[in-house]
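Q: My structure is in coords39.txt, and what it holds is compact mmCIF, C-alpha atoms:
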# COMPACT_ATOMS: atom_id res chain seq x y z
CA MET A 1 102.08 158.40 -32.63
CA PRO A 2 99.16 156.93 -30.63
CA VAL A 3 95.78 158.65 -30.98
CA SER A 4 93.12 159.13 -28.32
CA ALA A 5 90.06 156.89 -28.27
CA ILE A 6 87.84 159.99 -28.33
CA GLU A 7 88.92 163.56 -29.01
CA LEU A 8 86.48 166.48 -28.94
CA ASN A 9 87.70 169.92 -29.93
CA ASN A 10 85.59 173.05 -29.31
CA ILE A 11 82.24 171.28 -29.67
CA SER A 12 79.18 173.55 -29.64
CA PHE A 13 75.59 172.50 -30.31
CA PHE A 14 72.37 174.50 -30.61
CA TYR A 15 68.73 173.45 -30.66
CA ASN A 16 66.35 176.04 -32.14
CA SER A 17 69.07 178.66 -31.53
CA HIS A 18 69.27 177.60 -27.86
CA SER A 19 72.79 176.71 -26.73
CA ILE A 20 73.04 173.12 -25.45
CA LEU A 21 76.84 172.67 -25.53
CA THR A 22 79.49 175.39 -25.56
CA GLU A 23 83.15 174.83 -26.51
CA VAL A 24 83.41 171.32 -25.09
CA ASN A 25 86.93 169.86 -25.19
CA LEU A 26 87.72 166.33 -24.10
CA LYS A 27 90.29 163.59 -24.68
CA VAL A 28 89.45 160.03 -23.63
CA GLU A 29 92.40 157.69 -23.81
CA GLU A 30 92.16 154.03 -24.79
CA GLN A 31 90.87 151.78 -21.96
CA ASP A 32 89.80 154.73 -19.85
CA PHE A 33 86.61 154.35 -17.78
CA LEU A 34 85.00 157.79 -17.82
CA ALA A 35 81.85 158.94 -16.04
CA ILE A 36 80.01 162.00 -17.36
CA ILE A 37 77.79 163.58 -14.71
CA GLY A 38 75.65 166.72 -14.62
CA PRO A 39 72.10 168.00 -14.07
CA ASN A 40 69.10 167.46 -16.31
CA GLY A 41 69.38 169.49 -19.49
CA SER A 42 73.14 169.80 -19.20
CA GLY A 43 73.74 168.15 -22.60
CA LYS A 44 74.99 164.71 -21.54
CA THR A 45 72.85 162.66 -23.93
CA THR A 46 73.42 165.22 -26.68
CA LEU A 47 77.18 164.83 -26.24
CA LEU A 48 76.94 161.03 -26.54
CA LYS A 49 74.90 161.38 -29.73
CA ILE A 50 77.49 163.75 -31.21
CA ILE A 51 80.24 161.22 -30.45
CA LEU A 52 78.12 158.54 -32.13
CA GLY A 53 77.46 160.73 -35.17
CA ILE A 54 73.69 160.69 -34.57
CA LEU A 55 73.79 164.49 -34.17
CA SER A 56 76.07 166.93 -35.94
CA GLN A 57 77.75 169.64 -33.91
CA ALA A 58 77.39 173.27 -34.97
CA GLN A 59 81.14 173.75 -34.62
CA GLY A 60 84.21 171.79 -33.59
CA THR A 61 85.57 168.37 -34.49
CA VAL A 62 85.02 164.82 -33.25
CA ARG A 63 87.56 162.07 -33.76
CA ILE A 64 87.26 158.42 -32.76
CA PHE A 65 90.72 156.85 -32.94
CA GLY A 66 91.53 159.60 -35.42
CA LYS A 67 88.44 158.94 -37.58
CA THR A 68 85.15 160.77 -38.00
CA PRO A 69 82.13 159.22 -36.21
CA MET A 70 80.81 157.93 -39.55
CA GLU A 71 84.14 156.28 -40.39
CA ALA A 72 84.39 154.84 -36.87
CA ALA A 73 80.82 153.54 -36.58
CA GLY A 74 81.98 149.94 -36.26
CA LEU A 75 84.19 150.84 -33.30
CA LEU A 76 81.32 152.15 -31.15
CA GLY A 77 78.80 150.25 -29.05
CA TYR A 78 75.87 152.20 -27.58
CA VAL A 79 73.49 151.40 -24.73
CA PRO A 80 70.70 154.04 -24.71
CA GLN A 81 68.34 154.77 -21.88
CA ASP A 82 65.62 152.11 -21.52
CA THR A 83 62.78 154.62 -21.93
CA GLY A 84 61.99 154.01 -25.62
CA LEU A 85 61.76 150.21 -25.62
CA ASN A 86 58.45 148.80 -26.87
CA LYS A 87 57.90 146.10 -24.27
CA ASP A 88 55.05 144.54 -26.29
CA PHE A 89 57.14 143.98 -29.41
CA PRO A 90 57.49 140.21 -29.91
CA ILE A 91 61.26 139.85 -30.10
CA SER A 92 63.39 137.43 -28.10
CA VAL A 93 66.45 138.16 -26.01
CA GLN A 94 68.68 136.33 -28.52
CA ASP A 95 67.28 138.31 -31.45
CA VAL A 96 67.90 141.62 -29.66
CA ALA A 97 71.52 140.61 -29.06
CA LEU A 98 71.91 139.64 -32.72
CA MET A 99 70.72 143.09 -33.83
CA GLY A 100 74.20 144.37 -33.01
CA ARG A 101 75.48 142.40 -36.02
CA LEU A 102 73.24 144.15 -38.57
CA GLY A 103 75.81 146.83 -39.30
CA ARG A 104 78.37 144.11 -40.09
CA ARG A 105 76.15 142.28 -42.54
CA GLY A 106 75.95 144.91 -45.29
CA ARG A 107 73.46 143.70 -47.89
CA GLU A 108 73.61 140.17 -46.52
CA ARG A 109 70.85 140.16 -43.91
CA ARG A 110 71.17 136.55 -42.75
CA TYR A 111 73.01 135.93 -39.53
CA THR A 112 75.94 133.58 -39.80
CA SER A 113 76.97 130.83 -37.43
CA GLU A 114 79.74 133.17 -36.26
CA ASP A 115 77.14 135.85 -35.46
CA ARG A 116 75.10 133.39 -33.41
CA ALA A 117 78.17 132.12 -31.58
CA LEU A 118 79.12 135.69 -30.69
CA ALA A 119 75.59 136.46 -29.48
CA ARG A 120 75.71 133.40 -27.25
CA ARG A 121 79.09 134.39 -25.87
CA VAL A 122 78.05 137.92 -24.93
CA LEU A 123 74.70 136.78 -23.50
CA GLU A 124 76.60 134.33 -21.33
CA GLN A 125 78.96 137.13 -20.37
CA VAL A 126 76.09 139.34 -19.15
CA GLY A 127 74.29 136.40 -17.51
CA MET A 128 71.32 136.29 -19.90
CA TRP A 129 71.87 133.21 -22.09
CA GLU A 130 69.34 131.15 -20.13
CA TYR A 131 66.71 133.78 -21.06
CA ARG A 132 67.56 133.71 -24.77
CA ASP A 133 64.07 132.66 -25.93
CA ARG A 134 62.16 134.96 -23.58
CA PRO A 135 60.42 138.04 -25.06
CA ILE A 136 62.33 141.19 -24.17
CA GLY A 137 59.17 142.73 -22.71
CA LYS A 138 58.89 139.97 -20.12
CA LEU A 139 62.18 140.86 -18.45
CA SER A 140 62.85 143.07 -15.46
CA GLY A 141 64.47 146.47 -15.99
CA GLY A 142 67.85 145.15 -14.91
CA GLN A 143 67.62 142.15 -17.20
CA ARG A 144 66.69 144.36 -20.16
CA GLN A 145 69.74 146.50 -19.50
CA ARG A 146 71.93 143.40 -19.62
CA VAL A 147 70.43 142.44 -22.98
CA LEU A 148 70.99 145.95 -24.37
CA ILE A 149 74.60 145.72 -23.25
CA ALA A 150 74.87 142.37 -25.03
CA ARG A 151 73.50 143.96 -28.21
CA ALA A 152 76.16 146.69 -27.96
CA LEU A 153 78.90 144.12 -27.39
CA THR A 154 77.99 142.09 -30.47
CA VAL A 155 79.17 145.09 -32.47
CA GLU A 156 82.63 144.12 -31.11
CA PRO A 157 83.30 147.75 -30.18
CA LYS A 158 86.52 149.36 -29.04
CA ILE A 159 84.44 151.96 -27.16
CA LEU A 160 81.24 151.33 -25.18
CA LEU A 161 78.97 154.36 -24.58
CA MET A 162 76.18 154.02 -21.99
CA ASP A 163 73.41 156.49 -21.13
CA GLU A 164 72.10 156.10 -17.55
CA PRO A 165 72.49 152.29 -17.55
CA THR A 166 71.36 151.92 -13.91
CA ALA A 167 68.31 154.20 -13.95
CA GLY A 168 65.40 152.58 -12.13
CA VAL A 169 67.27 149.47 -10.95
CA ASP A 170 68.30 148.41 -7.46
CA THR A 171 71.69 148.86 -5.85
CA GLN A 172 72.64 145.19 -6.19
CA PHE A 173 72.10 145.35 -9.95
CA GLN A 174 74.18 148.51 -10.11
CA THR A 175 77.05 146.78 -8.33
CA ASP A 176 76.79 143.69 -10.55
CA LEU A 177 76.69 145.85 -13.67
CA TYR A 178 79.76 147.88 -12.75
CA ASP A 179 81.63 144.70 -11.82
CA LEU A 180 80.90 143.52 -15.38
CA LEU A 181 81.94 146.86 -16.88
CA LYS A 182 85.21 146.75 -14.96
CA GLU A 183 85.94 143.37 -16.54
CA LEU A 184 85.09 144.73 -20.00
CA ASN A 185 87.30 147.75 -19.34
CA ALA A 186 90.35 145.47 -19.52
CA THR A 187 89.94 145.49 -23.31
CA ILE A 188 87.62 148.37 -24.26
CA THR A 189 87.14 152.05 -23.44
CA ILE A 190 83.97 152.83 -21.46
CA VAL A 191 82.05 156.11 -21.18
CA VAL A 192 79.03 156.16 -18.85
CA VAL A 193 76.54 158.98 -18.40
CA SER A 194 75.19 158.79 -14.86
CA HIS A 195 73.74 160.90 -12.07
CA ASP A 196 74.60 158.45 -9.30
CA MET A 197 78.20 158.37 -8.11
CA SER A 198 77.43 156.34 -4.97
CA VAL A 199 78.33 153.02 -6.64
CA LEU A 200 80.03 154.19 -9.84
CA SER A 201 82.84 156.10 -8.14
CA GLY A 202 84.49 152.89 -6.97
CA TYR A 203 85.04 151.77 -10.58
CA ILE A 204 85.80 154.77 -12.79
CA ASN A 205 89.20 156.18 -13.72
CA SER A 206 88.09 159.73 -14.58
CA VAL A 207 85.12 162.10 -14.36
CA ALA A 208 83.72 164.82 -16.61
CA CYS A 209 81.19 167.23 -15.09
CA LEU A 210 79.00 168.63 -17.88
CA ASN A 211 76.68 171.62 -17.70
CA ARG A 212 76.76 172.96 -21.25
CA THR A 213 80.51 173.32 -20.84
CA LEU A 214 82.74 170.57 -19.48
CA TYR A 215 84.98 170.17 -16.43
CA TYR A 216 87.31 167.18 -16.76
CA HIS A 217 89.28 165.28 -14.10
CA GLU A 218 91.80 162.55 -14.73
CA SER A 219 90.84 160.76 -11.51
CA GLY A 220 87.57 159.71 -9.91
CA GLU A 221 88.15 162.24 -7.14
CA ILE A 222 86.61 165.64 -7.83
CA THR A 223 86.40 168.74 -5.67
CA ASP A 224 83.39 170.44 -4.12
CA GLU A 225 84.26 173.58 -6.07
CA VAL A 226 84.12 171.89 -9.46
CA LEU A 227 80.91 170.00 -8.69
CA HIS A 228 79.37 173.26 -7.59
CA ALA A 229 80.45 174.87 -10.85
CA ALA A 230 78.71 172.10 -12.82
CA TYR A 231 75.62 171.60 -10.62
CA GLN A 232 75.24 174.89 -8.77
CA CYS A 233 74.45 172.88 -5.66
CA PRO A 234 76.32 171.37 -2.67
CA VAL A 235 77.74 167.85 -2.23
CA ASP A 236 78.37 165.43 0.61
CA LEU A 237 81.33 163.09 1.10
CA ILE A 238 80.34 159.51 1.94
CA ALA A 239 81.97 156.08 1.89
CA HIS A 240 80.97 153.05 -0.17
CA GLY A 241 82.89 149.81 0.24
CA GLY A 242 85.48 151.63 2.34
CA VAL A 243 86.30 154.10 -0.44
CA PRO A 244 85.39 157.74 0.25
CA HIS A 245 83.85 159.70 -2.58
CA ARG A 246 81.52 162.59 -3.25
CA VAL A 247 77.83 162.44 -4.10
CA LEU A 248 75.24 165.16 -4.52
CA ARG A 249 73.03 166.22 -1.67
CA LYS A 250 69.33 166.60 -2.40
CA HIS A 251 68.81 169.76 -4.42
CA ASP A 252 66.38 171.46 -6.76
CA HIS A 253 67.80 170.06 -10.03
CA GLU A 254 66.41 166.88 -11.55
CA ASP A 255 69.29 164.73 -12.81
CA SER A 256 69.27 162.82 -16.07
Represent the structure from my file as structure tokens, please.
A:
Amino acid sequence: MPVSAIELNNISFFYNSHSILTEVNLKVEEQDFLAIIGPNGSGKTTLLKIILGILSQAQGTVRIFGKTPMEAAGLLGYVPQDTGLNKDFPISVQDVALMGRLGRRGRERRYTSEDRALARRVLEQVGMWEYRDRPIGKLSGGQRQRVLIARALTVEPKILLMDEPTAGVDTQFQTDLYDLLKELNATITIVVVSHDMSVLSGYINSVACLNRTLYYHESGEITDEVLHAAYQCPVDLIAHGGVPHRVLRKHDHEDS
């Protein structure tokens, strides 16, 4: 019997006795392309970290292809937000990409020729091989995101998790990035946390609206009523590339 790529059952999480997530249930099937949206403080990053096994839920179970997050660590690639990167650290683009192989090396810390060939392949795939010797801190925000994606891909994951991958970059980069993700989605499952549906909605297969609890939709189309339940604010319907979809109007919440 086939198992889901990700299965969350009754996940709750507390921080200093404050409820962050409450009875979250979700199934993500293999090769799905899921967007998780919701306001700041709604628990989106926390949920990703629970899936990754970085945080432990207070209750509920997490299964990645039927395994615990610890057992499935080699199946997961993660692209965090770009906020914590030390831009002065003297490390090259190629070395950042190779970092994804560290978990495969065990006690053997030397990169093999196979590791280096894989790093080249994924850097070419994200359009960054020509920058391989450049310090990571000398890149633009969009270029750094491509390198972080390359690092995640060198894990050779079956699931790629991304936290706000287009924050602070221009619309053209967003479009290029999601074109790349759509190609990757032919072979891997993708989960993206985002606040901006204006470009993303043309690529995703399903949407989860998260605001401590979760509202899931098996298509990229979601209703005003459900968005209001998650955001407590109104939405507008607009078109991008000829495809109508919903985006948030300006409101009092800050999105993460």
Q: Given only C-alpha atoms as the basis, pick out the residue of A:Leu214, A:Leu153, A:Ala5, A:Ala58 nearest to A:Arg121.
A: A:Leu153
Q: Within 7 Å of stretch 171-181 of chain A, counting only C-alpha atoms, which residues show up once you throw out same-chain ones fewer than 6 positions away? Write them as a ChimeraX atom specification, please.
A: /A:142,199-200,203
Q: For each of A:Leu148, A:Ala72, A:Val191, A:Leu184, take the minimum atom-to-atom distance to A:Val28, counting only C-alpha atoms, then give the residue where this is smallest.
A: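 Using only C-alpha atoms, the shortest distance to A:Val28 belongs to A:Val191.
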Q: Here is a test: counting all atoms listed in the file, which residue of A:Ile50, A:Val24, A:Ala119, A:Ile188 is nearest to A:Ala208?
A: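 Counting all atoms listed in the file, the residue closest to A:Ala208 is A:Val24.
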Q: Distance atom CA of A:Leu34-atom CA of A:Tyr216, one decimal place?
A: 9.7 Å
Q: Ranking A:Val169, A:Ile11, A:Ala97, A:Ile91 by minimum distance to A:Gly141 and counting all atoms listed in the file, which one comes first?
A: A:Val169
Q: Go ahead and compute the interatomic distance for atom CA of A:Arg101 and atom CA of A:Val192, in Å to one decimal.
A: 22.3 Å
Q: Identify which of the residues A:Tyr111, A:Thr187, A:Gln125, A:Gln81 lies closest to A:Ala167, counting all atoms listed in the file when measuring atom-to-atom distances.
A: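 For A:Ala167, the nearest of the given residues is A:Gln81.
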Q: Please provide as a list in words all residues within 8 Å of A:Val147, with the sequence filter that same-chain residues fewer than 4 positions apart are discarded (counting only C-alpha atoms).
A: Val93, Val96, Ala97, Leu123, Val126, Met128, Gln143 and Arg151 of chain A
Q: Using the selection just defined, write its residues with C-alpha atoms as a tab-separated table (two decimals), in the frame of the given file.
A:
chain	number	residue	atom	x	y	z
A	93	VAL	CA	66.45	138.16	-26.01
A	96	VAL	CA	67.90	141.62	-29.66
A	97	ALA	CA	71.52	140.61	-29.06
A	123	LEU	CA	74.70	136.78	-23.50
A	126	VAL	CA	76.09	139.34	-19.15
A	128	MET	CA	71.32	136.29	-19.90
A	143	GLN	CA	67.62	142.15	-17.20
A	151	ARG	CA	73.50	143.96	-28.21
Q: Would you mind telling me which residue in A:Gln31, A:Thr45, A:Ser92, A:Gln57 lies nearest to A:Ser206 when using all atoms listed in the file?
A: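 Closest to A:Ser206 of all the choices is A:Gln31.
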Q: Please work out which residues fall within 12 Å of (82.6, 166.4, -35.8), coordinates as given in the file, with all atoms listed in the file counting, and return them as a VMD selection string.
A: chain A and resid 6 to 13 24 to 25 47 49 to 64 66 to 72
Q: If we count only C-alpha atoms and set the cut-off at 6 Å, which residues sit around A:Pro157, ignoring sequence neighbours fewer than 6 positions away in its own chain? Please answer as a list in words.
A: Leu75, Leu76 and Gly77 of chain A
Q: Just give me the gap between atom CA of A:Leu210 and atom CA of A:Ile190 in Å, one decimal is fine.
A: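 Here the two named atoms are 16.9 Å from each other.
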Q: Taking (71.7, 151.1, -23.4) as a centre in this file's frame and 7 Å as the limit, can you find every polymer residue with an atom that close, using only C-alpha atoms, and give them as a PyMOL selection string?
A: chain A and resi 78-82+145+148-149+162-163+165
Q: If the box runs along x, y and z of the file and leaves 8 Å on each side of stretch 160-173 of chain A, what are its centre and edge lengths in Å, one decimal, as lines of an AutoDock Vina configuration file?
A:
center_x = 73.3
center_y = 150.8
center_z = -15.5
size_x = 31.8
size_y = 27.3
size_z = 35.3
Q: Could you complete stretch 12-36 of chain A so that it carries N, CA and C atoms, and give it back as a compact mmCIF listing (two decimals), in the frame of the given file?
A:
# COMPACT_ATOMS: atom_id res chain seq x y z
N SER A 12 80.35 172.76 -30.02
CA SER A 12 79.18 173.55 -29.64
C SER A 12 77.96 173.00 -30.38
N PHE A 13 76.82 173.04 -29.72
CA PHE A 13 75.59 172.50 -30.31
C PHE A 13 74.43 173.39 -29.90
N PHE A 14 73.54 173.67 -30.87
CA PHE A 14 72.37 174.50 -30.61
C PHE A 14 71.11 173.76 -31.03
N TYR A 15 70.04 174.00 -30.29
CA TYR A 15 68.73 173.45 -30.66
C TYR A 15 67.76 174.62 -30.72
N ASN A 16 67.23 174.88 -31.94
CA ASN A 16 66.35 176.04 -32.14
C ASN A 16 66.99 177.32 -31.59
N SER A 17 68.25 177.51 -31.93
CA SER A 17 69.07 178.66 -31.53
C SER A 17 69.38 178.71 -30.04
N HIS A 18 68.96 177.68 -29.29
CA HIS A 18 69.27 177.60 -27.86
C HIS A 18 70.56 176.81 -27.66
N SER A 19 71.50 177.36 -26.92
CA SER A 19 72.79 176.71 -26.73
C SER A 19 72.65 175.51 -25.79
N ILE A 20 73.05 174.33 -26.26
CA ILE A 20 73.04 173.12 -25.45
C ILE A 20 74.45 172.78 -24.98
N LEU A 21 75.43 172.90 -25.86
CA LEU A 21 76.84 172.67 -25.53
C LEU A 21 77.67 173.85 -26.02
N THR A 22 78.67 174.24 -25.22
CA THR A 22 79.49 175.39 -25.56
C THR A 22 80.97 175.04 -25.39
N GLU A 23 81.69 175.01 -26.50
CA GLU A 23 83.15 174.83 -26.51
C GLU A 23 83.61 173.68 -25.60
N VAL A 24 83.06 172.52 -25.86
CA VAL A 24 83.41 171.32 -25.09
C VAL A 24 84.69 170.72 -25.66
N ASN A 25 85.67 170.50 -24.80
CA ASN A 25 86.93 169.86 -25.19
C ASN A 25 87.16 168.66 -24.28
N LEU A 26 87.53 167.55 -24.88
CA LEU A 26 87.72 166.33 -24.10
C LEU A 26 88.60 165.35 -24.86
N LYS A 27 89.54 164.72 -24.15
CA LYS A 27 90.29 163.59 -24.68
C LYS A 27 90.05 162.39 -23.77
N VAL A 28 89.63 161.28 -24.36
CA VAL A 28 89.45 160.03 -23.63
C VAL A 28 90.47 159.04 -24.19
N GLU A 29 91.37 158.59 -23.34
CA GLU A 29 92.40 157.69 -23.81
C GLU A 29 91.90 156.25 -23.86
N GLU A 30 92.56 155.43 -24.64
CA GLU A 30 92.16 154.03 -24.79
C GLU A 30 92.16 153.31 -23.44
N GLN A 31 91.09 152.54 -23.19
CA GLN A 31 90.87 151.78 -21.96
C GLN A 31 90.63 152.65 -20.73
N ASP A 32 90.27 153.91 -20.96
CA ASP A 32 89.80 154.73 -19.85
C ASP A 32 88.39 154.26 -19.47
N PHE A 33 87.98 154.57 -18.24
CA PHE A 33 86.61 154.35 -17.78
C PHE A 33 86.14 155.70 -17.25
N LEU A 34 85.40 156.41 -18.09
CA LEU A 34 85.00 157.79 -17.82
C LEU A 34 83.53 157.86 -17.45
N ALA A 35 83.22 158.60 -16.38
CA ALA A 35 81.85 158.94 -16.04
C ALA A 35 81.58 160.39 -16.41
N ILE A 36 80.45 160.63 -17.08
CA ILE A 36 80.01 162.00 -17.36
C ILE A 36 78.79 162.27 -16.49
